[in-house]
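J.: Next comes the structure file start_22.cif, holding mmCIF, C-alpha atoms and all ligand atoms.
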```cif
data_structure
#
loop_
_atom_site.label_atom_id
_atom_site.label_comp_id
_atom_site.auth_asym_id
_atom_site.auth_seq_id
_atom_site.Cartn_x
_atom_site.Cartn_y
_atom_site.Cartn_z
CA MET A 270 32.75 -26.71 -30.42
CA SER A 271 35.73 -24.32 -30.30
CA GLY A 272 34.99 -20.59 -30.49
CA LEU A 273 36.65 -20.53 -33.90
CA ALA A 274 35.06 -23.66 -35.39
CA GLU A 275 33.65 -22.88 -38.84
CA ARG A 276 34.49 -19.18 -38.45
CA ARG A 277 35.65 -17.61 -41.72
CA ILE A 278 38.83 -15.69 -41.06
CA LEU A 279 40.57 -13.62 -43.68
CA LEU A 280 44.20 -13.22 -42.66
CA GLY A 281 46.05 -10.23 -44.12
CA VAL A 282 49.82 -10.52 -44.09
CA THR A 283 51.88 -7.37 -44.65
CA GLY A 284 55.62 -6.81 -45.08
CA GLY A 285 57.63 -7.35 -41.92
CA ILE A 286 59.92 -9.94 -40.43
CA ALA A 287 57.01 -11.17 -38.24
CA ALA A 288 55.38 -12.46 -41.47
CA TYR A 289 57.05 -15.81 -40.76
CA LYS A 290 55.01 -16.03 -37.52
CA ALA A 291 51.83 -15.57 -39.56
CA ALA A 292 52.46 -19.04 -40.99
CA GLU A 293 52.21 -20.56 -37.51
CA PHE A 294 49.16 -18.37 -36.81
CA THR A 295 47.48 -19.79 -39.95
CA ARG A 296 48.23 -23.34 -38.82
CA LEU A 297 46.77 -22.71 -35.35
CA LEU A 298 43.64 -21.06 -36.76
CA ALA A 299 43.06 -24.01 -39.10
CA ARG A 300 43.64 -26.44 -36.22
CA ALA A 301 41.01 -24.56 -34.18
CA GLY A 302 38.51 -25.32 -36.97
CA ALA A 303 38.47 -21.92 -38.69
CA GLN A 304 38.29 -21.58 -42.46
CA VAL A 305 41.25 -19.38 -43.35
CA ARG A 306 41.91 -17.43 -46.53
CA VAL A 307 45.12 -15.46 -46.79
CA VAL A 308 45.72 -12.13 -48.54
CA MET A 309 49.37 -11.08 -48.87
CA THR A 310 50.72 -7.67 -49.79
CA ARG A 311 53.61 -7.46 -52.25
CA ALA A 312 56.07 -6.64 -49.43
CA ALA A 313 54.89 -9.65 -47.38
CA GLN A 314 55.90 -11.93 -50.26
CA ASP A 315 59.49 -10.70 -49.90
CA PHE A 316 59.54 -12.36 -46.47
CA VAL A 317 57.47 -15.55 -46.98
CA GLY A 318 56.16 -17.20 -50.16
CA PRO A 319 52.42 -17.57 -50.82
CA LEU A 320 52.89 -21.32 -51.19
CA THR A 321 53.56 -21.63 -47.45
CA PHE A 322 50.18 -20.10 -46.66
CA GLN A 323 48.46 -22.07 -49.39
CA ALA A 324 49.75 -25.32 -47.88
CA LEU A 325 48.69 -24.31 -44.34
CA SER A 326 45.26 -22.89 -45.21
CA GLY A 327 44.38 -25.33 -47.98
CA GLU A 328 43.27 -22.36 -50.09
CA LYS A 329 44.86 -20.40 -52.90
CA VAL A 330 46.48 -17.24 -51.52
CA HIS A 331 45.19 -13.89 -52.82
CA THR A 332 47.83 -11.36 -53.76
CA ASP A 333 46.58 -9.01 -56.49
CA LEU A 334 43.70 -6.62 -56.81
CA LEU A 335 43.78 -6.72 -60.57
CA ASP A 336 44.28 -10.45 -61.21
CA PRO A 337 41.41 -11.53 -63.50
CA ASP A 338 41.84 -15.24 -62.65
CA ALA A 339 41.71 -14.67 -58.88
CA GLU A 340 38.83 -12.20 -59.26
CA ALA A 341 36.89 -14.77 -61.31
CA ALA A 342 37.31 -17.34 -58.49
CA MET A 343 36.47 -14.96 -55.61
CA GLY A 344 36.54 -11.22 -56.21
CA HIS A 345 37.65 -8.66 -53.65
CA ILE A 346 34.08 -7.70 -52.73
CA GLU A 347 33.14 -11.36 -52.28
CA LEU A 348 36.19 -11.84 -50.04
CA ALA A 349 35.16 -8.78 -48.02
CA ARG A 350 31.70 -10.31 -47.54
CA TRP A 351 32.91 -13.86 -47.02
CA ALA A 352 34.96 -13.00 -43.93
CA ASP A 353 33.43 -13.22 -40.45
CA LEU A 354 36.60 -11.51 -39.26
CA ILE A 355 39.55 -9.85 -40.98
CA VAL A 356 42.76 -10.01 -39.00
CA ILE A 357 45.96 -8.41 -40.23
CA ALA A 358 49.06 -9.98 -38.70
CA PRO A 359 51.64 -8.64 -38.93
CA ALA A 360 50.30 -5.14 -39.60
CA SER A 361 53.14 -2.83 -40.61
CA ALA A 362 53.20 0.89 -39.76
CA ASP A 363 52.57 1.59 -43.45
CA CYS A 364 49.54 -0.72 -43.56
CA ILE A 365 48.07 0.95 -40.43
CA ALA A 366 48.63 4.40 -41.97
CA ARG A 367 46.97 3.38 -45.22
CA LEU A 368 43.98 1.85 -43.43
CA ALA A 369 43.61 5.01 -41.33
CA HIS A 370 43.52 7.11 -44.49
CA GLY A 371 41.13 4.85 -46.36
CA HIS A 372 43.54 3.86 -49.13
CA ALA A 373 42.36 1.20 -51.54
CA ASP A 374 45.34 0.71 -53.85
CA ASP A 375 45.98 -2.95 -53.13
CA LEU A 376 43.86 -6.01 -52.43
CA LEU A 377 44.11 -5.94 -48.63
CA THR A 378 43.24 -2.25 -48.11
CA THR A 379 40.43 -2.51 -50.67
CA ILE A 380 38.91 -5.47 -48.81
CA CYS A 381 39.18 -3.59 -45.50
CA LEU A 382 37.38 -0.62 -47.00
CA ALA A 383 34.63 -2.79 -48.50
CA THR A 384 33.96 -5.04 -45.52
CA GLU A 385 31.21 -4.75 -42.91
CA SER A 386 32.86 -7.45 -40.78
CA PRO A 387 35.04 -6.74 -37.76
CA VAL A 388 38.68 -5.93 -38.47
CA ALA A 389 41.55 -6.61 -36.06
CA VAL A 390 45.17 -5.62 -36.57
CA ALA A 391 48.28 -6.96 -34.84
CA PRO A 392 50.93 -4.24 -35.21
CA ALA A 393 54.54 -5.34 -35.71
CA MET A 394 57.26 -2.75 -36.17
CA ASN A 395 60.39 -1.17 -34.76
CA GLN A 396 59.80 0.41 -31.32
CA GLY A 397 60.63 3.89 -32.63
CA MET A 398 58.06 3.57 -35.42
CA TRP A 399 55.45 2.34 -32.94
CA ALA A 400 56.19 5.26 -30.57
CA HIS A 401 56.00 7.87 -33.37
CA ALA A 402 53.15 10.37 -33.04
CA ALA A 403 51.99 9.60 -36.60
CA THR A 404 51.56 5.89 -35.82
CA ALA A 405 49.88 6.69 -32.50
CA ALA A 406 47.39 8.97 -34.29
CA ASN A 407 46.69 6.36 -36.99
CA VAL A 408 46.14 3.62 -34.41
CA GLU A 409 43.81 5.88 -32.41
CA CYS A 410 41.88 6.67 -35.60
CA LEU A 411 41.40 2.94 -36.33
CA ARG A 412 40.44 2.23 -32.73
CA ARG A 413 37.76 4.94 -32.84
CA ARG A 414 36.37 3.34 -35.99
CA GLY A 415 35.92 0.07 -34.15
CA VAL A 416 39.06 -1.73 -35.35
CA THR A 417 40.46 -4.01 -32.63
CA ILE A 418 44.16 -3.44 -31.97
CA LEU A 419 45.90 -6.63 -30.83
CA GLY A 420 49.07 -5.72 -28.94
CA PRO A 421 51.82 -5.08 -29.75
CA ALA A 422 54.04 -6.88 -27.21
CA SER A 423 57.34 -5.57 -25.84
CA GLY A 424 60.71 -7.23 -25.82
CA ASP A 425 63.69 -7.87 -28.06
CA GLN A 426 63.17 -6.87 -31.65
CA ALA A 427 64.56 -8.33 -34.88
CA CYS A 428 66.41 -5.04 -35.48
CA GLY A 429 68.38 -5.53 -32.25
CA GLU A 430 66.48 -2.90 -30.25
CA THR A 431 64.24 -3.52 -27.26
CA GLY A 432 60.80 -2.00 -26.67
CA SER A 433 57.17 -2.06 -27.68
CA GLY A 434 56.32 -3.11 -31.24
CA ARG A 435 56.73 -6.91 -31.41
CA MET A 436 53.81 -8.83 -32.86
CA ARG A 437 51.87 -10.85 -30.31
CA GLU A 438 52.64 -14.57 -30.39
CA PRO A 439 50.50 -16.70 -32.75
CA ALA A 440 48.85 -18.62 -29.87
CA GLU A 441 47.92 -15.31 -28.19
CA LEU A 442 46.46 -14.03 -31.47
CA VAL A 443 44.29 -17.15 -31.71
CA SER A 444 42.76 -16.44 -28.32
CA ASP A 445 42.39 -12.74 -29.27
CA CYS A 446 40.35 -13.83 -32.31
CA THR A 447 38.18 -16.08 -30.14
CA GLU A 448 37.54 -13.08 -27.92
CA VAL A 449 36.59 -10.82 -30.86
CA PHE A 450 33.86 -13.30 -31.77
CA GLY A 451 32.79 -13.62 -28.18
CA PRO A 452 31.01 -16.69 -26.90
CA ARG A 453 28.16 -18.22 -28.93
CA VAL A 454 25.65 -16.81 -26.46
CA LEU A 455 22.70 -17.14 -28.86
CA SER A 456 23.40 -20.62 -30.11
CA GLY A 457 20.06 -22.44 -30.61
CA HIS A 458 18.08 -19.19 -30.79
CA HIS A 459 16.21 -17.72 -33.77
CA VAL A 460 16.34 -13.93 -33.90
CA LEU A 461 14.02 -11.89 -36.10
CA ILE A 462 15.15 -8.31 -36.76
CA THR A 463 13.58 -5.40 -38.64
CA ALA A 464 15.87 -2.72 -40.06
CA GLY A 465 15.99 0.34 -42.27
CA PRO A 466 13.23 2.74 -43.27
CA THR A 467 9.88 1.87 -44.83
CA LEU A 468 8.81 3.42 -48.10
CA GLU A 469 5.15 4.37 -48.48
CA ALA A 470 3.99 4.79 -52.07
CA LEU A 471 1.91 7.79 -53.03
CA ASP A 472 1.65 6.97 -56.72
CA PRO A 473 3.79 4.86 -59.10
CA VAL A 474 6.72 7.31 -58.87
CA ARG A 475 6.50 9.03 -55.46
CA TYR A 476 6.74 7.91 -51.87
CA LEU A 477 7.06 9.01 -48.24
CA SER A 478 10.07 7.70 -46.31
CA ASN A 479 12.81 8.67 -43.83
CA HIS A 480 16.61 8.83 -43.60
CA SER A 481 17.21 5.58 -41.64
CA SER A 482 20.45 3.99 -42.91
CA GLY A 483 19.82 0.56 -41.38
CA ARG A 484 23.34 0.55 -39.95
CA MET A 485 22.31 -0.32 -36.39
CA GLY A 486 19.91 -3.10 -37.42
CA TYR A 487 22.44 -4.64 -39.78
CA ALA A 488 25.16 -4.47 -37.10
CA ILE A 489 22.80 -6.21 -34.65
CA ALA A 490 21.97 -8.88 -37.25
CA ALA A 491 25.69 -9.49 -37.86
CA SER A 492 26.41 -9.70 -34.12
CA ALA A 493 23.51 -12.08 -33.50
CA ALA A 494 24.74 -14.35 -36.31
CA ARG A 495 28.27 -14.29 -34.91
CA ALA A 496 26.82 -15.18 -31.50
CA GLY A 497 25.48 -18.39 -33.06
CA ALA A 498 21.82 -17.43 -33.67
CA ARG A 499 19.78 -18.21 -36.75
CA VAL A 500 18.97 -14.69 -37.98
CA THR A 501 16.14 -13.46 -40.21
CA LEU A 502 16.45 -9.81 -41.20
CA VAL A 503 13.37 -8.06 -42.59
CA SER A 504 14.82 -5.02 -44.27
CA GLY A 505 13.39 -1.85 -45.71
CA PRO A 506 15.20 -0.41 -48.75
CA VAL A 507 18.87 0.27 -47.84
CA GLN A 508 22.13 -0.03 -49.77
CA ARG A 509 23.90 -2.53 -47.53
CA PRO A 510 25.39 -5.96 -48.04
CA THR A 511 23.65 -8.78 -46.19
CA PRO A 512 25.78 -9.77 -43.16
CA ALA A 513 27.39 -13.22 -43.32
CA GLY A 514 25.05 -16.03 -42.27
CA VAL A 515 21.90 -13.87 -42.22
CA GLU A 516 18.68 -14.62 -44.13
CA ARG A 517 17.40 -11.32 -45.55
CA ILE A 518 13.87 -10.52 -46.68
CA ASP A 519 13.50 -7.24 -48.56
CA VAL A 520 10.32 -5.22 -48.12
CA GLN A 521 9.24 -1.70 -48.98
CA SER A 522 6.17 -0.59 -47.03
CA ALA A 523 5.22 -0.96 -43.35
CA ARG A 524 2.43 -3.34 -44.33
CA GLU A 525 4.87 -5.55 -46.26
CA MET A 526 7.17 -5.46 -43.23
CA GLN A 527 4.23 -6.38 -40.98
CA SER A 528 3.36 -9.37 -43.15
CA ALA A 529 6.98 -10.62 -43.40
CA VAL A 530 7.34 -10.29 -39.62
CA ALA A 531 4.04 -12.14 -39.03
CA THR A 532 5.27 -15.01 -41.24
CA HIS A 533 8.53 -15.44 -39.33
CA LEU A 534 7.48 -14.51 -35.82
CA GLU A 535 6.24 -17.93 -34.82
CA ALA A 536 9.65 -19.53 -35.35
CA ALA A 537 11.51 -16.69 -33.60
CA ASP A 538 12.22 -16.56 -29.89
CA ILE A 539 13.75 -13.06 -29.97
CA PHE A 540 12.33 -10.12 -31.94
CA ILE A 541 14.38 -6.92 -32.29
CA ALA A 542 12.57 -4.02 -33.95
CA THR A 543 15.17 -1.52 -35.15
CA ALA A 544 13.30 -0.38 -38.27
CA ALA A 545 12.22 3.24 -38.57
CA VAL A 546 8.68 2.32 -39.58
CA ALA A 547 6.67 5.18 -41.09
CA ASP A 548 3.85 5.97 -38.68
CA TYR A 549 1.54 6.94 -41.55
CA ARG A 550 1.10 6.06 -45.23
CA PRO A 551 -0.88 7.83 -47.94
CA ALA A 552 -4.52 6.81 -47.44
CA GLU A 553 -4.70 5.88 -51.11
CA ILE A 554 -2.07 4.91 -53.64
CA ALA A 555 -2.93 6.58 -56.94
CA GLU A 556 -2.77 4.16 -59.87
CA ARG A 557 -1.31 6.82 -62.14
CA LYS A 558 1.14 9.62 -61.46
CA ILE A 559 -0.68 12.43 -59.68
CA LYS A 560 -0.75 15.53 -61.91
CA LYS A 561 -0.24 18.99 -60.51
CA GLY A 562 -3.22 21.33 -60.77
CA ASP A 563 -3.69 25.07 -60.52
CA GLU A 564 -4.29 25.08 -56.77
CA ASP A 565 -1.66 26.66 -54.43
CA GLY A 566 -1.50 23.76 -52.01
CA ARG A 567 -2.76 20.24 -51.49
CA THR A 568 -3.73 18.14 -48.53
CA LEU A 569 -2.53 14.59 -48.34
CA ALA A 570 -4.81 12.17 -46.51
CA LEU A 571 -2.79 9.74 -44.39
CA ALA A 572 -3.71 6.43 -42.80
CA ARG A 573 -2.09 4.98 -39.66
CA ASN A 574 0.39 2.17 -40.22
CA PRO A 575 0.31 -0.97 -38.08
CA ASP A 576 2.55 -0.99 -34.99
CA ILE A 577 4.68 -4.03 -35.84
CA LEU A 578 6.45 -4.21 -32.50
CA GLY A 579 3.20 -3.62 -30.59
CA GLU A 580 1.54 -6.51 -32.47
CA ALA A 581 4.46 -8.84 -31.77
CA CYS A 582 4.31 -7.98 -28.06
CA ALA A 583 0.57 -8.72 -27.97
CA ARG A 584 0.94 -12.30 -29.24
CA SER A 585 0.73 -15.28 -26.96
CA PRO A 586 3.09 -17.06 -26.79
CA ARG A 587 5.48 -14.41 -27.94
CA PRO A 588 9.19 -13.96 -28.41
CA TYR A 589 11.39 -11.80 -26.19
CA CYS A 590 10.60 -8.36 -27.69
CA VAL A 591 13.10 -5.52 -28.00
CA GLY A 592 12.25 -2.04 -29.29
CA PHE A 593 14.16 1.13 -29.96
CA ALA A 594 13.39 4.70 -28.99
CA ALA A 595 15.18 7.81 -30.19
CA GLU A 596 14.76 10.41 -27.46
CA THR A 597 15.83 14.03 -27.24
CA ASP A 598 14.93 14.60 -23.57
CA THR A 599 13.64 12.93 -20.39
CA VAL A 600 15.06 9.73 -21.88
CA ALA A 601 14.34 7.42 -18.92
CA GLU A 602 10.68 8.38 -18.46
CA ASN A 603 9.91 8.32 -22.17
CA ALA A 604 11.67 5.00 -22.72
CA GLN A 605 9.98 3.29 -19.78
CA ALA A 606 6.60 4.68 -20.85
CA LYS A 607 7.17 3.32 -24.37
CA ARG A 608 8.19 -0.08 -22.99
CA ARG A 609 4.99 -0.32 -20.96
CA SER A 610 2.67 0.99 -23.68
CA LYS A 611 4.04 -1.41 -26.29
CA GLY A 612 4.38 -4.27 -23.82
CA ALA A 613 8.02 -4.78 -24.83
CA ASP A 614 10.55 -6.60 -22.65
CA LEU A 615 13.39 -4.19 -23.39
CA ILE A 616 13.61 -0.70 -24.87
CA CYS A 617 16.93 0.61 -26.17
CA ALA A 618 17.00 4.37 -26.01
CA ASN A 619 19.48 6.36 -28.00
CA ALA A 620 19.81 10.02 -27.21
CA VAL A 621 19.49 12.08 -30.38
CA GLY A 622 19.81 15.79 -30.92
CA ALA A 623 22.22 18.35 -32.32
CA GLY A 624 25.46 16.46 -33.09
CA ILE A 625 24.58 13.23 -31.28
CA GLY A 626 23.17 9.96 -32.46
CA PHE A 627 23.58 10.56 -36.20
CA GLY A 628 26.30 9.68 -38.70
CA ASP A 629 29.59 8.02 -37.79
CA VAL A 630 30.14 9.55 -34.36
CA ASP A 631 30.19 7.33 -31.26
CA SER A 632 26.88 7.01 -29.49
CA THR A 633 25.38 5.46 -26.37
CA LEU A 634 22.46 3.12 -25.83
CA GLU A 635 20.51 2.96 -22.60
CA LEU A 636 18.64 -0.27 -22.02
CA PHE A 637 15.43 -0.19 -20.00
CA ASP A 638 13.65 -3.25 -18.71
CA GLU A 639 11.41 -3.98 -15.74
CA HIS A 640 14.45 -4.12 -13.44
CA GLY A 641 15.88 -0.72 -14.36
CA SER A 642 18.44 0.57 -16.80
CA VAL A 643 22.00 0.03 -17.97
CA ARG A 644 24.09 2.19 -20.29
CA LEU A 645 26.25 0.88 -23.17
CA GLY A 646 28.97 2.98 -24.79
CA PRO A 647 29.88 5.55 -25.90
CA ALA A 648 31.13 3.41 -28.77
CA ASP A 649 30.68 2.89 -32.50
CA LYS A 650 27.46 1.15 -33.60
CA GLU A 651 29.17 -2.22 -34.24
CA THR A 652 30.54 -2.34 -30.66
CA LEU A 653 27.17 -1.26 -29.27
CA ALA A 654 25.49 -4.00 -31.33
CA ARG A 655 27.85 -6.63 -29.90
CA GLU A 656 27.23 -5.44 -26.34
CA LEU A 657 23.47 -5.30 -26.92
CA ILE A 658 23.42 -8.91 -28.14
CA MET A 659 25.31 -9.97 -24.99
CA ALA A 660 22.80 -8.05 -22.84
CA ILE A 661 19.79 -9.59 -24.61
CA ALA A 662 21.26 -13.10 -24.36
CA GLU A 663 21.79 -12.64 -20.63
CA ARG A 664 18.18 -11.49 -20.11
CA VAL A 665 16.73 -14.29 -22.24
CA ARG A 666 18.79 -16.83 -20.31
CA SER A 667 17.63 -15.60 -16.90
CA LEU A 668 14.00 -15.42 -18.08
CA THR A 669 14.17 -19.01 -19.32
CA GLN A 670 15.66 -20.00 -15.96
CA GLU A 671 12.85 -18.18 -14.10
CA GLN A 672 10.22 -19.96 -16.22
CA ARG A 673 11.87 -23.32 -15.54
CA ASN A 674 11.92 -22.59 -11.80
CA LYS A 675 8.20 -21.67 -11.88
CA ALA A 676 7.36 -24.87 -13.73
CA THR A 677 9.07 -27.09 -11.13
O1 LIG B 701 6.13 3.74 -31.90
P1 LIG B 701 7.51 4.33 -31.83
O2 LIG B 701 8.03 4.77 -33.17
O3 LIG B 701 7.62 5.39 -30.79
O4 LIG B 701 8.44 3.12 -31.32
C1 LIG B 701 9.65 2.78 -31.86
C2 LIG B 701 9.84 1.28 -31.84
O5 LIG B 701 8.70 0.62 -32.37
C3 LIG B 701 10.98 0.85 -32.73
O6 LIG B 701 11.52 -0.33 -32.16
C4 LIG B 701 10.29 0.56 -34.06
O7 LIG B 701 11.01 -0.38 -34.84
C5 LIG B 701 8.96 -0.01 -33.62
N1 LIG B 701 7.84 0.34 -34.51
C6 LIG B 701 7.16 -0.67 -35.19
N2 LIG B 701 6.08 -0.35 -35.98
C7 LIG B 701 5.68 0.93 -36.10
C8 LIG B 701 6.34 1.97 -35.42
C9 LIG B 701 7.44 1.63 -34.63
O8 LIG B 701 7.54 -1.85 -35.09
N3 LIG B 701 4.64 1.20 -36.86
#
```
Re-express the file's structure as structure tokens.
T.:
Amino acid sequence: MSGLAERRILLGVTGGIAAYKAAEFTRLLARAGAQVRVVMTRAAQDFVGPLTFQALSGEKVHTDLLDPDAEAAMGHIELARWADLIVIAPASADCIARLAHGHADDLLTTICLATESPVAVAPAMNQGMWAHAATAANVECLRRRGVTILGPASGDQACGETGSGRMREPAELVSDCTEVFGPRVLSGHHVLITAGPTLEALDPVRYLSNHSSGRMGYAIAASAARAGARVTLVSGPVQRPTPAGVERIDVQSAREMQSAVATHLEAADIFIATAAVADYRPAEIAERKIKKGDEDGRTLALARNPDILGEACARSPRPYCVGFAAETDTVAENAQAKRRSKGADLICANAVGAGIGFGDVDSTLELFDEHGSVRLGPADKETLARELIMAIAERVRSLTQEQRNKAT
């Protein structure tokens, strides 16, 4: 199966003479087995008509943000979620600037702002525009956010000048897209992932919880699905769309998470525990809202929550088990100690502290297994997730090989 077979690619076409090459790009993507949907900006339609792309993709072309008919068929948020990859080719200097500044005043920029899928842009513009400091800053901004920049190439330009700014050739863009997806390293595997916080009820209106956003776990789930795995995501309460191709089970408390994990663990051969599980829960959940009294303070009795990862590691047979550890200091010792005490195969340590590890800044992950450690990043969480999935796949493959060798 080709690396693009059955991949859902949303192609954004913006206004530039290279728009005519996007027609050939569409044809090649479709020939490689991808499902292609095309979004055109108004300026792109001055160069090539939507009908060309409709004929090549076999799908109606999307052009307007505020078209009730198109929105009824597949709205902009659905398109943003449908795509496994968004690739903009050609991407004009204006489009790059608007993406960098988070504009959402047309269909394409709105989709890019709404999506959780990878975005790649193939710049195409006059060499002077490409060399301009404003474009360079916008491109750097996108790159830092995890957008893949494809090219541009150098050579003769439509305007008669020569230099850097030509769009890469359609065939090259097809292999770039294949590379963005990476190989299907987890094809045939079933990955179970926990993500997000847990929420521990105190009474019908109050709870104990934490600030976990679920971003890392969701990025790992998306990467595992793109790598060809069947993915089950057991998620605590977070406001995030379910990644394409992922089965999601929503839970609230640690005990609900424990039970959902137990149900799906048998079928899984890889378990990745990214959830920030509350270590303790209120010892009792009051049936009615707890009333305040006259006393100055109150003591809350807490009960220990189950260690979901620890339980998974203790099973026999068991999946390949991966845990996370947020460490502020002596990262290596603490991570290796946690790996041994839980019985996990791999611990991913992320250094946290003042200004690192939180929010949208780049971070690093250090992976510890019985053979030692390897560092990923610094990079955004989506890139780290992709690299982590590659690293896990490699370890699972060599373990399976070792087991086969032992058996013969
Ligand atoms: O136990 P500790 O919080 O130090 O370990 C963190 C790792 O263990 C994470 O991978 C987390 O998802 C997992 N964990 C769990 N159940 C708990 C506590 C942590 O699965 N009750």
J.: Take atom CA of A:Gly420 and atom CA of A:Leu297 and report the distance between them in Å, one decimal.
T.: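 Calculated distance between atom CA of A:Gly420 and atom CA of A:Leu297 is 18.3 Å.
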J.: Any residue with an atom at most 7 Å from ligand LIG 701 (chain B) counts, using only C-alpha atoms and all ligand atoms. Which are they? Put them as a PDB file with C-alpha atoms, in the coordinates of the input.
T.:
```pdb
ATOM      1  CA  THR A 463      13.580  -5.400 -38.640  1.00  0.00           C
ATOM      2  CA  ALA A 523       5.220  -0.960 -43.350  1.00  0.00           C
ATOM      3  CA  ALA A 542      12.570  -4.020 -33.950  1.00  0.00           C
ATOM      4  CA  THR A 543      15.170  -1.520 -35.150  1.00  0.00           C
ATOM      5  CA  ALA A 544      13.300  -0.380 -38.270  1.00  0.00           C
ATOM      6  CA  ALA A 545      12.220   3.240 -38.570  1.00  0.00           C
ATOM      7  CA  VAL A 546       8.680   2.320 -39.580  1.00  0.00           C
ATOM      8  CA  ALA A 547       6.670   5.180 -41.090  1.00  0.00           C
ATOM      9  CA  ASP A 548       3.850   5.970 -38.680  1.00  0.00           C
ATOM     10  CA  ASN A 574       0.390   2.170 -40.220  1.00  0.00           C
ATOM     11  CA  PRO A 575       0.310  -0.970 -38.080  1.00  0.00           C
ATOM     12  CA  ASP A 576       2.550  -0.990 -34.990  1.00  0.00           C
ATOM     13  CA  ILE A 577       4.680  -4.030 -35.840  1.00  0.00           C
ATOM     14  CA  LEU A 578       6.450  -4.210 -32.500  1.00  0.00           C
ATOM     15  CA  GLY A 579       3.200  -3.620 -30.590  1.00  0.00           C
ATOM     16  CA  VAL A 591      13.100  -5.520 -28.000  1.00  0.00           C
ATOM     17  CA  GLY A 592      12.250  -2.040 -29.290  1.00  0.00           C
ATOM     18  CA  PHE A 593      14.160   1.130 -29.960  1.00  0.00           C
ATOM     19  CA  ALA A 594      13.390   4.700 -28.990  1.00  0.00           C
ATOM     20  CA  LYS A 607       7.170   3.320 -24.370  1.00  0.00           C
TER      21      LYS A 607
END
```
J.: Would you mind reading off the distance between atom CA of A:Ala470 and atom CA of A:Ala552, one decimal, in Å?
T.: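 For atom CA of A:Ala470 relative to atom CA of A:Ala552, the distance reads 9.9 Å.
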J.: Which residue, A:Gly483, A:Gly272, A:Gly612, A:Gly371, has the smallest gap to A:Ser444 when you use all atoms listed in the file?
T.: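 Result for the nearest residue to A:Ser444: A:Gly272.
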J.: Could you name the residues that touch A:Arg499 at 8 Å or less, counting only C-alpha atoms, but leaving out those on the same chain fewer than 4 positions away, as number ranges by chain?
T.: A: 456-460, 493-494, 514-515
J.: Taking only C-alpha atoms into account, name the residue in A:Ala369, A:Leu455, A:Cys446, A:Ala529 that is nearest to A:Ala660.
T.: A:Leu455
J.: Between atom CA of A:Glu441 and atom CA of A:Arg367, measure the distance and give it in Å to one decimal.
T.: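 Between these atoms lies a distance of 25.3 Å.
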J.: Just want the 7 Å neighbourhood of A:Cys582, counted on all atoms listed in the file, with same-chain residues fewer than 5 positions away dropped. Output as a PDB file with C-alpha atoms, in the frame of the given file.
T.:
```pdb
ATOM      1  CA  ARG A 587       5.480 -14.410 -27.940  1.00  0.00           C
ATOM      2  CA  CYS A 590      10.600  -8.360 -27.690  1.00  0.00           C
ATOM      3  CA  LYS A 611       4.040  -1.410 -26.290  1.00  0.00           C
ATOM      4  CA  GLY A 612       4.380  -4.270 -23.820  1.00  0.00           C
ATOM      5  CA  ALA A 613       8.020  -4.780 -24.830  1.00  0.00           C
TER       6      ALA A 613
END
```
J.: Taking into account all atoms listed in the file, which residue in the set A:Leu657, A:Leu382, A:Ala490, A:Ala604 is nearest to A:Leu411?
T.: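 Looking only at the distances to A:Leu411, the closest residue turns out to be A:Leu382.
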J.: Write out as JSON, numbers by chain which residues come within 12 Å of A:Val454 when counting only C-alpha atoms, dropping same-chain ones fewer than 6 positions away.
T.: {"A": [272, 492, 493, 494, 495, 496, 497, 498, 499, 655, 656, 657, 658, 659, 660, 661, 662, 663, 664, 665, 666]}
J.: Using only C-alpha atoms for the distances, tell me which of A:Ile357, A:Leu636, A:Leu320, A:Val308 is nearest to A:Gly344.
T.: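 Of all the options, A:Val308 lies closest to A:Gly344.
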J.: List the spatial neighbours of A:Pro588 as a count of residues only - criterion: any atom at most 8 Å away, all atoms listed in the file, same-chain residues fewer than 3 positions off excluded.
T.: 7
J.: Residues near stretch 323-337 of chain A, anyone? I mean within 7 Å using all atoms listed in the file, not counting same-chain ones fewer than 6 positions away, as number ranges by chain.
T.: A: 295-296, 299, 305-310, 375-376
J.: Which residue is closest to A:Pro473? Choose from A:Ala676, A:Leu377, A:Ile541, A:Ile554 and count all atoms listed in the file.
T.: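 Of the candidates, the smallest distance to A:Pro473 is held by A:Ile554.
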J.: Let me make sure I understand: among A:Lys650, A:Arg644, A:Arg300, A:Arg609, which one has the smallest atom-to-atom distance to A:Pro387 if we use only C-alpha atoms?
T.: A:Lys650
